[in-house]
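S.K.: One structure, pasted below without further comment.
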Amino acid sequence: MTGSASLPVPAAPAGRARPAWILAIAGANLTVIQFVAMREFASLLGSNELVTLLVTAGYFLGLSAGYLVSDRLSRRALLALGAATLALHASLPFSARWVVGALVEAGFGGVVPPLVFLLVFAGITPFYAVFLPRLVAEAGPPAGDSSPLVRLYAIELAGGALGLLLVVLVTPARMSWLLALHLAGLVALLLLFAQPRRPGAFLLCALPPAYLLVWPALDRSSLAGFYAHALGRHSPVVLASEFSPYQRVDLLRADTPRGPATYLYLNGNLLYGTRALHQHNLMVSILPRLVADVGRPGVPLQTLVIAGGSLDSARHLAPLPGRVRLVEIDEAVVRLTRALIQEPRGGFPANWDLSIDDGKHFLGNWTGAPFDVIAVDIPVPSHVQTAMLHSERFFSLARSRLQPGGIFSISLAGRLNTRSDGAPDASEHLAHRIAAGLLASFRHVAVVHADSTDFAWASDEPLEGRIAVAQERLVDFLDREPGRRETFGVPVLQFFDDATILRRVGAHKPIGEADLQIVLRLSLSKLRHRFYAEN
């Protein structure tokens with residue numbers, strides 16, 4: 001096929017407006033669908049920096065493919081491509097969720113990452129990319145100083161800016177409206193290009209409002225299917241799903257051997273709901289506060305928890321003497337977990353403070369009294385933003401915001417085992433590198449060896465007094481309310497002292513800010529574990 005049957009060169013002024021409309025709509029749709037692909041498709045893979053690169057590569061390679069084949073497609077072939085694109089996009093994101101779930105359940109999880117790449121590469125962008133080179137070629141040689149490429153490309157860029165404005169005005173929380181507007185643009189693009197003479201072609205205009213009508217049922221159904229088949233949740237019921245400016249926030253209830261449980265997923269990654277995650281919260285934020293008053297019982301203490309969007313920290317720490325401040329970057333997480341996790345449990349305290357902010361920015365601008373405890377309740381640094389909160393520079397900043405003798409706590413995201421052979425600064429030794437950063441920033445560091453992961457407490461004063469009462473305070477906390485032992489387990493604590501930690505850290509180096517190497521290695525590890533681990 002050749003470009004001989006491409007768009008006709010219009011002669012009338014009204015005809016000259018048609019290419020401009022085509023390019024403007026194509027540019028707007030490209031921006032909107034890029035936003036959707038980065039959010040929805042990345043979350044199917046458990047979004048991290050490597051997944052983001054994968055989706056981005058598919059998007060831009062798809063654009064390049066569209067430019068390359070533009071002059072090789074006849075009008076009929078291009079219309080067929082547009083119709084296929086419309087059919088695919090009208091089924092998204094529901095079809096992608098169902099397909100991924102079915103593949104994982106059938107034992108073909110390894111197919112999922114390349115399939116998502118292929119879906120973005122071949123199904124998202126090529127149709128939109130064919131118009132610019134065709135219209136530039138048909139505009140003929142430049143007249144005077146006016147270049148068709150510059151003029152037409154500027155129109156497409158203006159359409160892209162319009163798409164960005166739509167994302168901002170509609171907001172990510174109304175993803176159904178964004179996708180319906182995208183479908184409306186795609187229908188308009190097809191009608192402009194095809195110049196239909198049959199009135200029946202305009203029935204396509206009913207597709208966007210029909211999409212809005214079926215969205216609520218299909219969104220919940222496809223999400224439940226994805227979590228059931230891809231992530232192994234039994235009889236999941238989606239309580240809420242929302243796209244915030246930062247991520248997709250999903251809360252669901254599913255059956256377990258011990259009864260129904262509520263889970264929080266951020267971009268497809270589990271952040272709340274299992275015993276291991278409850279224990280993480282216990283060791284990072286609750287227990288450090290429980291032992292912080294050694295030598296001064298009953299004294300009001302100021303506690304800062306960075307992240308902790310499940311609000312379990314606020315529930316358990318707010319009743320203690322003093323004040324608790326939570327810093328969470330995503331308002332949607334706090335709002336939904338309070339409404340669907342904490343309030344239904346009853347007795348949720350009111351005497352705590354919330355700041356919607358980035359943890360590093362908050363600490364850097366804090367001018368109030370220093371804190372007695374700073375707890376960093378964040379996941380493994382598979383994004384640059386979270387890697388910054390594991391960096392030596394951030395640890396030094398946190399130390400400057402602590403009272404003398406205050407405690408800084410963080411998960412080591414693994415085991416601080418005896419140093420293995422190999423490169424001493426290998427970035428896969430995450431626990432060693434986090435501990436190295438703490439040793440460089442604090443005089444004293446203790447590592448809490450619990451059931452699943454090691455946790456670090458750091459201070460400018462010796463921690464022996466706090467360590468001595470930790471198991472006793474832990475048991476007292478667990479016995480204070482029925483059900484806590486079932487929720488948290490009863491970990492037997494083992495502590496490594498400064499000398500042991502120093503010996504195990506060896507020559508490992510602290511994590512630097514925006515340490516992309518370790519972020520990409522951890523992202524690859526998560527992807528392998530999720531889709532390529534042997535059953």
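Chain lettering (A, B, ...) mirrors the order of the structure tokens, residue numbering begins at 1 for each chain separately, and ligand numbering begins at 1 in order of display.
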Any chance you could list, as a PyMOL selection string, the residues in segment 126-244 of chain A that come up helix (DSSP H, G or I) when DSSP is run on the backbone?

M.R.: chain A and resi 126-129+131-139+148-170+172-194+199-229

S.K.: Go through A:Gln403, A:Ser221, A:Ser64, A:Ser382 and flag the residue nearest Leu50 of chain A, using only C-alpha atoms for the distances.

M.R.: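 The shortest atom-to-atom distance to Leu50 of chain A comes from A:Ser382.
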
S.K.: So which residues touch Val327 of chain A within 7 Å, counting only C-alpha atoms, skipping near sequence neighbours fewer than 2 positions away, as a ChimeraX atom specification?

M.R.: /A:305-307,325,329,354-357,359

S.K.: Nearest to Tyr153 of chain A among A:Thr367, A:Ala37, A:Asn417, A:Ile22, with distances taken over only C-alpha atoms: which residue is it?

M.R.: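 Of the candidates, the smallest distance to Tyr153 of chain A is held by A:Ile22.
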
S.K.: What is the distance, in Å and to one decimal place, between atom CA of Trp366 of chain A and atom CA of Pro404 of chain A?

M.R.: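 These atoms are spaced 16.7 Å apart.
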
S.K.: Can you list, as an MDAnalysis selection string, every residue of segment 223-372 of chain A that DSSP puts in strand (DSSP E or B)?

M.R.: chainID A and resid 234:243 248:255 261:266 269:272 301:307 322:328 353:356 371:372

S.K.: Would you mind exporting C-alpha atoms of the selected residues as a PDB file, in the first residue's frame?

M.R.:
ATOM      1  CA  HIS A 234     -10.442 -14.383  47.425  1.00  0.00           C
ATOM      2  CA  SER A 235     -13.889 -12.986  46.576  1.00  0.00           C
ATOM      3  CA  PRO A 236     -12.674  -9.357  46.526  1.00  0.00           C
ATOM      4  CA  VAL A 237     -15.140  -6.495  46.782  1.00  0.00           C
ATOM      5  CA  VAL A 238     -13.847  -3.088  45.667  1.00  0.00           C
ATOM      6  CA  LEU A 239     -14.753  -0.542  48.339  1.00  0.00           C
ATOM      7  CA  ALA A 240     -13.205   2.442  46.569  1.00  0.00           C
ATOM      8  CA  SER A 241     -10.945   3.170  43.625  1.00  0.00           C
ATOM      9  CA  GLU A 242      -9.640   6.614  42.840  1.00  0.00           C
ATOM     10  CA  PHE A 243      -6.897   8.156  40.760  1.00  0.00           C
ATOM     11  CA  ARG A 248      -4.332   4.890  41.822  1.00  0.00           C
ATOM     12  CA  VAL A 249      -5.731   4.208  45.289  1.00  0.00           C
ATOM     13  CA  ASP A 250      -7.708   0.962  45.659  1.00  0.00           C
ATOM     14  CA  LEU A 251      -9.373  -0.305  48.825  1.00  0.00           C
ATOM     15  CA  LEU A 252     -10.970  -3.722  48.799  1.00  0.00           C
ATOM     16  CA  ARG A 253     -12.316  -6.312  51.154  1.00  0.00           C
ATOM     17  CA  ALA A 254     -11.507  -9.984  50.581  1.00  0.00           C
ATOM     18  CA  ASP A 255     -11.957 -13.266  52.403  1.00  0.00           C
ATOM     19  CA  ALA A 261      -9.804  -8.319  55.652  1.00  0.00           C
ATOM     20  CA  THR A 262      -9.444  -4.845  54.156  1.00  0.00           C
ATOM     21  CA  TYR A 263      -6.530  -4.126  51.845  1.00  0.00           C
ATOM     22  CA  LEU A 264      -5.001  -0.926  50.526  1.00  0.00           C
ATOM     23  CA  TYR A 265      -3.247  -0.980  47.151  1.00  0.00           C
ATOM     24  CA  LEU A 266      -1.371   1.959  45.668  1.00  0.00           C
ATOM     25  CA  ASN A 269       1.180  -2.502  45.162  1.00  0.00           C
ATOM     26  CA  LEU A 270      -0.081  -3.808  48.510  1.00  0.00           C
ATOM     27  CA  LEU A 271       0.458  -1.283  51.310  1.00  0.00           C
ATOM     28  CA  TYR A 272      -1.926  -2.431  54.056  1.00  0.00           C
ATOM     29  CA  LEU A 301       6.158  13.517  73.579  1.00  0.00           C
ATOM     30  CA  GLN A 302       5.944  14.878  70.060  1.00  0.00           C
ATOM     31  CA  THR A 303       5.841  12.189  67.375  1.00  0.00           C
ATOM     32  CA  LEU A 304       6.135  12.633  63.618  1.00  0.00           C
ATOM     33  CA  VAL A 305       5.084   9.833  61.262  1.00  0.00           C
ATOM     34  CA  ILE A 306       6.029  10.336  57.618  1.00  0.00           C
ATOM     35  CA  ALA A 307       3.521   8.496  55.388  1.00  0.00           C
ATOM     36  CA  GLY A 322       1.770  14.268  73.712  1.00  0.00           C
ATOM     37  CA  ARG A 323       0.856  14.892  70.120  1.00  0.00           C
ATOM     38  CA  VAL A 324       1.113  12.929  66.889  1.00  0.00           C
ATOM     39  CA  ARG A 325       1.586  14.572  63.512  1.00  0.00           C
ATOM     40  CA  LEU A 326       1.138  12.603  60.309  1.00  0.00           C
ATOM     41  CA  VAL A 327       2.658  13.779  57.016  1.00  0.00           C
ATOM     42  CA  GLU A 328       1.135  12.132  53.937  1.00  0.00           C
ATOM     43  CA  ASP A 353      -2.560  16.519  63.289  1.00  0.00           C
ATOM     44  CA  LEU A 354      -2.335  15.900  59.558  1.00  0.00           C
ATOM     45  CA  SER A 355      -0.164  17.657  56.990  1.00  0.00           C
ATOM     46  CA  ILE A 356      -0.611  16.930  53.286  1.00  0.00           C
ATOM     47  CA  PHE A 371      10.315  15.916  67.704  1.00  0.00           C
ATOM     48  CA  ASP A 372      10.934  13.131  70.182  1.00  0.00           C
TER      49      ASP A 372
END

S.K.: At most 12 Å is the cut-off: for each residue in segment 346-408 of chain A with any atom that close to an atom of segment 430-440 of chain A, write down the nearest atom pair and the distance in Å rounded to one decimal, counting only C-alpha atoms, chain first then increasing number, as a Markdown table.

M.R.:
| residue | atom | partner | partner_atom | distance |
| --- | --- | --- | --- | --- |
| A:Val380 | CA | A:Leu430 | CA | 9.1 |
| A:Pro381 | CA | A:Leu430 | CA | 9.3 |
| A:Ser382 | CA | A:Leu430 | CA | 11.1 |
| A:Ala387 | CA | A:Ile434 | CA | 10.0 |
| A:Met388 | CA | A:Ile434 | CA | 11.2 |
| A:Leu389 | CA | A:Ile434 | CA | 10.1 |
| A:His390 | CA | A:Ile434 | CA | 6.3 |
| A:Ser391 | CA | A:Gly437 | CA | 6.6 |
| A:Glu392 | CA | A:Gly437 | CA | 4.6 |
| A:Arg393 | CA | A:Gly437 | CA | 8.3 |
| A:Phe394 | CA | A:Gly437 | CA | 9.2 |
| A:Phe395 | CA | A:Leu438 | CA | 6.5 |
| A:Ser396 | CA | A:Leu438 | CA | 8.4 |
| A:Leu397 | CA | A:Leu438 | CA | 11.5 |
| A:Ala398 | CA | A:Leu438 | CA | 10.6 |
| A:Arg399 | CA | A:Leu438 | CA | 9.8 |
| A:Ile407 | CA | A:Leu438 | CA | 11.8 |
| A:Phe408 | CA | A:Leu438 | CA | 9.4 |

S.K.: Would you mind telling me which residue in A:Phe41, A:Pro148, A:Phe488, A:Ala90 lies nearest to Thr274 of chain A when using only C-alpha atoms?

M.R.: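 Comparing A:Phe41, A:Pro148, A:Phe488, A:Ala90 against Thr274 of chain A, the winner is A:Phe488.
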
S.K.: Counting only C-alpha atoms, which of A:Pro297, A:Gly101, A:Pro245, A:Gly110 gets nearest to Leu223 of chain A?

M.R.: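 Once distances to Leu223 of chain A are computed over only C-alpha atoms, the minimum belongs to A:Gly101.
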
S.K.: Could you give me, as a PyMOL selection string, the residues within 9 Å of Leu231 of chain A, counting only C-alpha atoms and dropping anything in the same chain fewer than 3 positions from it?

M.R.: chain A and resi 101+104-105+226-228

S.K.: Write out as a VMD selection string the residues lying within 12 Å of Gln471 of chain A, counting only C-alpha atoms and excluding same-chain residues fewer than 2 positions away.

M.R.: chain A and resid 283 287 to 288 290 to 291 448 to 450 465 to 469 473 to 478 490 to 495

S.K.: Take the residues that were just selected and, keeping N, CA and C atoms, output them as a compact mmCIF listing (two decimals), in the first residue's frame.

M.R.:
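In the end it all went to selection-v3.txt:
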# COMPACT_ATOMS: atom_id res chain seq x y z
N MET A 283 6.69 -1.87 64.22
CA MET A 283 8.12 -1.70 64.50
C MET A 283 8.65 -0.32 64.12
N LEU A 287 6.16 1.02 68.25
CA LEU A 287 7.09 0.61 69.31
C LEU A 287 8.14 1.68 69.62
N PRO A 288 8.72 2.37 68.63
CA PRO A 288 9.66 3.45 69.00
C PRO A 288 9.03 4.50 69.90
N LEU A 290 6.55 3.89 72.02
CA LEU A 290 6.29 3.26 73.31
C LEU A 290 7.53 3.21 74.19
N VAL A 291 8.73 3.16 73.59
CA VAL A 291 9.95 3.10 74.40
C VAL A 291 10.64 4.45 74.52
N VAL A 448 16.51 -3.75 64.95
CA VAL A 448 15.52 -4.63 65.54
C VAL A 448 15.27 -5.78 64.57
N HIS A 449 15.61 -6.98 64.97
CA HIS A 449 15.41 -8.17 64.14
C HIS A 449 14.09 -8.81 64.56
N ALA A 450 13.05 -8.61 63.72
CA ALA A 450 11.73 -9.14 64.06
C ALA A 450 11.44 -10.36 63.17
N GLY A 465 18.84 1.57 77.11
CA GLY A 465 17.70 1.64 78.01
C GLY A 465 16.39 1.37 77.29
N ARG A 466 16.23 1.86 76.10
CA ARG A 466 15.02 1.62 75.32
C ARG A 466 14.95 0.16 74.86
N ILE A 467 16.11 -0.38 74.46
CA ILE A 467 16.14 -1.77 74.01
C ILE A 467 15.74 -2.71 75.14
N ALA A 468 16.18 -2.39 76.38
CA ALA A 468 15.93 -3.27 77.52
C ALA A 468 14.45 -3.45 77.82
N VAL A 469 13.64 -2.44 77.51
CA VAL A 469 12.21 -2.52 77.85
C VAL A 469 11.34 -2.78 76.63
N ARG A 473 7.35 -3.65 76.68
CA ARG A 473 6.37 -2.66 76.19
C ARG A 473 5.56 -3.24 75.02
N LEU A 474 6.20 -4.04 74.19
CA LEU A 474 5.50 -4.65 73.07
C LEU A 474 4.40 -5.59 73.55
N VAL A 475 4.72 -6.45 74.51
CA VAL A 475 3.73 -7.39 75.04
C VAL A 475 2.59 -6.64 75.70
N ASP A 476 2.92 -5.59 76.45
CA ASP A 476 1.88 -4.79 77.10
C ASP A 476 0.94 -4.16 76.06
N PHE A 477 1.50 -3.66 74.97
CA PHE A 477 0.68 -3.07 73.91
C PHE A 477 -0.23 -4.13 73.28
N LEU A 478 0.30 -5.31 73.00
CA LEU A 478 -0.49 -6.36 72.36
C LEU A 478 -1.61 -6.86 73.24
N VAL A 490 3.17 -11.98 67.54
CA VAL A 490 3.93 -11.71 68.77
C VAL A 490 5.42 -11.90 68.44
N PRO A 491 6.02 -10.94 67.79
CA PRO A 491 7.42 -11.10 67.40
C PRO A 491 8.35 -11.10 68.62
N VAL A 492 9.32 -11.98 68.57
CA VAL A 492 10.38 -12.01 69.58
C VAL A 492 11.52 -11.16 69.05
N LEU A 493 11.83 -10.10 69.78
CA LEU A 493 12.77 -9.10 69.28
C LEU A 493 14.21 -9.50 69.58
N GLN A 494 15.06 -9.27 68.61
CA GLN A 494 16.50 -9.42 68.77
C GLN A 494 17.15 -8.14 68.27
N PHE A 495 18.09 -7.61 69.03
CA PHE A 495 18.72 -6.34 68.68
C PHE A 495 20.18 -6.54 68.35

S.K.: Of the candidates A:Ile341, A:Met175, A:Leu45, A:Leu23, which shows the shortest atom-to-atom distance to Leu192 of chain A, using only C-alpha atoms?

M.R.: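 Going through A:Ile341, A:Met175, A:Leu45, A:Leu23 one by one, the smallest distance to Leu192 of chain A is for A:Leu23.
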
S.K.: Using only C-alpha atoms, which residues sit within 10 Å of Glu461 of chain A once same-chain residues fewer than 2 positions away are excluded, as a ChimeraX atom specification?

M.R.: /A:404-407,442-445,458-459,463-464

S.K.: What is the distance, in Å and to one decimal place, between atom CA of Phe455 of chain A and atom CA of Ser411 of chain A?

M.R.: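 Computed distance, atom CA of Phe455 of chain A to atom CA of Ser411 of chain A, equals 4.3 Å.
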
S.K.: Report as a PyMOL selection string all protein, DNA and RNA residues lying within 12 Å of Ser222 of chain A, evaluated on only C-alpha atoms, omitting residues in the same chain fewer than 2 positions from it.

M.R.: chain A and resi 44+91-102+214-220+224-230+236-238+241

S.K.: In Å, rounded to a single decimal, give me how far atom CA of Phe531 of chain A is from atom CA of Gly109 of chain A.

M.R.: 4.9 Å
